[in-house]
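protein_4.txt, holding compact mmCIF, C-alpha atoms and all ligand atoms:
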# COMPACT_ATOMS: atom_id res chain seq x y z
CA MET H 29 37.84 -70.26 -83.87
CA LYS H 30 39.80 -67.18 -84.81
CA VAL H 31 42.74 -66.52 -82.54
CA ILE H 32 44.48 -63.23 -82.13
CA SER H 33 47.96 -62.57 -80.83
CA LEU H 34 48.66 -59.80 -78.39
CA ASN H 35 50.97 -58.95 -75.55
CA CYS H 36 50.33 -58.90 -71.85
CA ASN H 37 50.26 -55.32 -70.71
CA HIS H 38 51.74 -56.34 -67.38
CA CYS H 39 54.77 -58.49 -68.28
CA GLY H 40 54.89 -58.15 -72.05
CA ALA H 41 54.56 -61.90 -72.72
CA PRO H 42 52.90 -62.90 -76.00
CA LEU H 43 49.36 -64.07 -75.62
CA ASP H 44 46.97 -65.92 -77.93
CA VAL H 45 43.31 -65.39 -77.19
CA PRO H 46 40.04 -66.11 -79.02
CA ALA H 47 39.07 -63.14 -81.20
CA LYS H 48 35.81 -62.63 -79.33
CA ALA H 49 37.33 -62.82 -75.85
CA ARG H 50 36.97 -59.69 -73.77
CA PHE H 51 39.07 -60.88 -70.86
CA ALA H 52 42.12 -63.09 -70.50
CA THR H 53 44.58 -64.24 -67.90
CA CYS H 54 48.27 -64.00 -68.75
CA GLY H 55 49.85 -67.42 -68.73
CA PHE H 56 53.15 -65.99 -67.46
CA CYS H 57 52.34 -63.47 -64.77
CA GLN H 58 48.71 -64.47 -64.12
CA ALA H 59 47.60 -60.87 -64.57
CA LYS H 60 43.90 -60.51 -65.30
CA LEU H 61 43.61 -58.56 -68.52
CA ALA H 62 40.87 -56.71 -70.31
CA ILE H 63 41.18 -56.92 -74.08
CA GLU H 64 40.46 -53.72 -75.92
CA HIS H 65 39.59 -53.70 -79.59
CA VAL H 66 40.60 -50.46 -81.19
CA GLY H 67 39.84 -50.60 -84.89
CA ASN H 68 41.81 -53.55 -86.20
CA SER H 69 44.32 -53.64 -83.39
CA TYR H 70 44.06 -55.08 -79.93
CA SER H 71 45.56 -54.08 -76.68
CA THR H 72 45.33 -55.31 -73.12
CA THR H 73 44.85 -53.48 -69.87
CA VAL H 74 45.56 -54.98 -66.50
CA LEU H 75 42.20 -55.22 -64.77
CA ASP H 76 43.47 -54.00 -61.42
CA GLU H 77 44.51 -50.76 -63.09
CA LEU H 78 41.09 -50.52 -64.65
CA LYS H 79 39.50 -51.01 -61.28
CA GLU H 80 41.79 -48.39 -59.80
CA THR H 81 40.76 -45.90 -62.46
CA THR H 82 37.09 -46.66 -61.86
CA ASP H 83 37.57 -46.24 -58.13
CA ARG H 84 39.38 -42.98 -58.62
CA ILE H 85 36.63 -41.65 -60.86
CA ALA H 86 34.00 -42.69 -58.32
CA ARG H 87 36.01 -40.97 -55.61
CA ASP H 88 36.39 -37.79 -57.64
CA VAL H 89 32.69 -37.72 -58.38
CA ALA H 90 31.89 -38.25 -54.69
CA GLU H 91 34.28 -35.45 -53.77
CA ILE H 92 32.77 -33.03 -56.26
CA LYS H 93 29.29 -33.96 -55.06
CA SER H 94 30.28 -33.53 -51.45
CA SER H 95 31.94 -30.16 -51.95
CA SER H 96 28.97 -28.92 -53.95
CA GLU H 97 26.75 -30.11 -51.11
CA ILE H 98 28.87 -28.05 -48.73
CA LYS H 99 28.60 -25.03 -51.02
CA GLU H 100 24.84 -25.48 -51.17
CA LEU H 101 24.64 -25.80 -47.39
CA ASP H 102 26.75 -22.66 -46.99
CA SER H 103 24.62 -20.55 -49.28
CA ARG H 104 21.43 -21.87 -47.67
CA TRP H 105 22.85 -20.87 -44.29
CA GLN H 106 23.77 -17.40 -45.59
CA GLN H 107 20.09 -16.97 -46.43
CA GLU H 108 18.83 -18.47 -43.20
CA ARG H 109 21.11 -16.26 -41.10
CA LEU H 110 19.25 -13.20 -42.39
CA SER H 111 16.02 -14.47 -40.86
CA HIS H 112 17.74 -14.57 -37.47
CA MET H 113 18.79 -10.91 -37.62
CA VAL H 114 17.37 -8.51 -35.09
CA THR H 115 17.06 -4.78 -35.55
CA GLY H 116 19.16 -2.96 -33.03
CA LYS H 117 19.77 0.67 -32.24
CA HIS H 118 19.68 3.01 -35.27
CA GLY H 119 17.88 0.27 -37.24
CA ARG H 120 21.09 -1.68 -37.68
CA GLN H 121 20.59 -5.39 -38.41
CA SER H 122 22.68 -7.78 -36.44
CA LEU H 123 22.69 -11.33 -35.20
CA PRO H 124 21.29 -11.69 -31.70
CA THR H 125 23.58 -12.67 -28.86
CA LYS H 126 22.58 -13.69 -25.35
CA THR H 127 24.90 -11.14 -23.76
CA GLY H 128 23.56 -8.45 -26.09
CA ALA H 129 20.01 -9.38 -25.12
CA VAL H 130 20.76 -9.11 -21.40
CA ALA H 131 22.82 -5.92 -21.76
CA GLY H 132 20.17 -4.23 -23.92
CA GLY H 133 17.36 -5.15 -21.57
CA VAL H 134 19.32 -4.03 -18.52
CA MET H 135 20.09 -0.68 -20.16
CA VAL H 136 16.41 0.01 -20.94
CA ALA H 137 15.33 -1.18 -17.49
CA VAL H 138 17.94 0.97 -15.71
CA PHE H 139 16.82 3.96 -17.74
CA GLY H 140 13.22 3.18 -16.70
CA LEU H 141 14.28 2.91 -13.08
CA PHE H 142 16.03 6.29 -13.13
CA TRP H 143 13.04 7.82 -14.85
CA THR H 144 10.69 6.44 -12.21
CA ILE H 145 12.82 7.75 -9.33
CA MET H 146 13.35 11.15 -10.94
CA ALA H 147 9.72 11.56 -12.00
CA ALA H 148 8.46 10.39 -8.63
CA GLY H 149 10.66 12.99 -6.95
CA ILE H 150 9.50 15.77 -9.28
CA THR H 151 5.79 14.92 -9.17
CA GLY H 152 6.04 14.44 -5.41
CA ALA H 153 7.51 17.91 -5.03
CA GLY H 154 4.99 19.22 -7.59
CA SER H 155 1.96 17.85 -5.78
CA ARG H 156 3.22 19.34 -2.50
CA MET H 157 3.29 22.67 -4.32
CA GLY H 158 -0.27 22.10 -5.61
CA ALA H 159 0.38 20.75 -9.16
CA PRO H 160 -2.56 18.88 -10.73
CA GLY H 161 -2.70 15.16 -9.87
CA VAL H 162 -2.51 14.19 -13.55
CA PHE H 163 1.30 14.62 -13.41
CA SER H 164 1.51 11.68 -11.05
CA ILE H 165 1.29 9.37 -14.08
CA PHE H 166 4.80 10.39 -15.20
CA PRO H 167 6.61 7.95 -12.93
CA LEU H 168 4.50 5.20 -14.56
CA PHE H 169 6.25 5.74 -17.89
CA GLY H 170 9.42 4.57 -16.18
CA ILE H 171 7.66 1.38 -15.09
CA VAL H 172 6.59 0.85 -18.70
CA PHE H 173 10.24 1.17 -19.71
CA ILE H 174 11.32 -1.39 -17.12
CA VAL H 175 8.66 -3.85 -18.27
CA PHE H 176 9.57 -3.18 -21.90
CA GLY H 177 13.28 -3.71 -21.12
CA VAL H 178 12.62 -7.05 -19.45
CA PHE H 179 10.27 -8.14 -22.25
CA MET H 180 12.77 -7.13 -24.95
CA SER H 181 15.51 -8.96 -23.12
CA PHE H 182 13.53 -12.20 -23.11
CA GLN H 183 12.58 -11.74 -26.76
CA VAL H 184 16.11 -11.17 -28.00
CA TYR H 185 17.45 -13.85 -25.67
CA SER H 186 15.15 -16.51 -27.13
CA ARG H 187 15.99 -15.37 -30.64
CA ALA H 188 19.68 -15.59 -29.78
CA GLU H 189 19.08 -19.09 -28.50
CA SER H 190 17.31 -20.24 -31.66
CA TYR H 191 20.04 -18.63 -33.75
CA GLU H 192 22.70 -20.48 -31.74
CA GLN H 193 20.86 -23.76 -32.24
CA ALA H 194 20.49 -23.18 -35.98
CA ASN H 195 24.15 -22.21 -36.22
CA GLN H 196 25.17 -25.34 -34.35
CA LYS H 197 23.03 -27.48 -36.62
CA TYR H 198 24.63 -25.86 -39.67
CA LEU H 199 28.14 -26.45 -38.31
CA ASP H 200 27.34 -30.09 -37.48
CA GLU H 201 25.98 -30.71 -40.96
CA ARG H 202 28.96 -29.03 -42.54
CA ARG H 203 31.39 -31.03 -40.42
CA LYS H 204 29.55 -34.22 -41.36
CA LEU H 205 29.82 -33.43 -45.07
CA ALA H 206 33.48 -32.53 -44.73
CA ARG H 207 34.13 -35.77 -42.84
CA GLU H 208 32.41 -37.81 -45.56
CA ASN H 209 34.71 -36.10 -47.98
CA VAL H 210 37.78 -37.14 -46.00
CA HIS H 211 36.59 -40.74 -45.70
CA ARG H 212 36.31 -41.00 -49.45
CA ASP H 213 39.94 -40.02 -49.92
ZN ZN H 301 51.75 -61.24 -68.13
Kindly present the structure from the file in structure tokens form.
Amino acid sequence: MKVISLNCNHCGAPLDVPAKARFATCGFCQAKLAIEHVGNSYSTTVLDELKETTDRIARDVAEIKSSSEIKELDSRWQQERLSHMVTGKHGRQSLPTKTGAVAGGVMVAVFGLFWTIMAAGITGAGSRMGAPGVFSIFPLFGIVFIVFGVFMSFQVYSRAESYEQANQKYLDERRKLARENVHRD
């Protein structure tokens, strides 16, 4: 059996091992060693260090994977957010809010209410002065506005709610990924 001489990488003690051996234990410091054949020369590496390097690489890979998962989640959310947009005044796109939904609906409904009162007053006065009865439909437009305001309010409100839920889900997922990242450190 061919024997080679090398040194322990941990304590420096001389070591004789079989030429084909891949691992050895140092007789002096008991370090577990991996034997590396580089060309015609041999060297030893303490196995714990090897394990540490492997662990670190695994950790780095996990970290890169996790942060790319976060990036992916972020860009997916950027896209998804667009589908939650509502078209507001002047055709401006914005994300729906519950307060905005209520405020917008109230504004339209109040306008409708004023219209109804005003129109009722005018057509009332008009009919007393002999205006054709067809004008009595004007106050009804105000009612349409009120109904539309309430309807719009509910619509935007429910969209705001589903946006909030989606946003919460996104944040939870992101937090979970970030936490996994921390645990791997
Ligand atoms: Zn040793």
Surrounding residues of region 173-178 of chain H excluding itself and chain neighbours under 3 positions, 7 Å, only C-alpha atoms, as a ChimeraX atom specification: /H:133-134,136-137,140-141,169-170,181-182
Length of the CA of Glu91 (chain H) to CA of Gln193 (chain H) vector [Å]: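 About the pair CA of Glu91 (chain H) and CA of Gln193 (chain H): they are 27.9 Å apart.
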Nearby residues (all atoms listed in the file) at most 10 Å from region 78-83 of chain H, same-chain spacing under 6 positions excluded, as a PyMOL selection string: chain H and resi 61-62+89
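Minimum atom-to-atom distances from H:Tyr185, H:Trp143, H:Tyr191, H:Tyr198 to Ile171 (chain H) were compared using all atoms listed in the file, and the lowest value belongs to H:Trp143.
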Contacts to ligand ZN 301 (chain H) at 9 Å cut-off (only C-alpha atoms and all ligand atoms) as a list in words: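 Going residue by residue within 9 Å of ligand ZN 301 (chain H), we get Asn35, Cys36, Asn37, His38, Cys39, Gly40, Ala41, Pro42, Leu43, Thr53, Cys54, Gly55, Phe56, Cys57, Gln58, Ala59, Lys60, Leu61 and Val74 of chain H.
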Pairwise distance for CA of Asp88 (chain H) and CA of Ile63 (chain H), rounded to one decimal in Å: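 CA of Ile63 (chain H) lies at a distance of 25.7 Å from CA of Asp88 (chain H).
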d(CA of Ala194 (chain H), CA of Phe179 (chain H)) in Å: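 Computing it gives 22.8 Å between the two atoms.
Take the candidates H:His65, H:Asp76, H:Ser94, H:Ala47 and check each one against Glu208 (chain H) using all atoms listed in the file; the shortest distance goes to H:Ser94.
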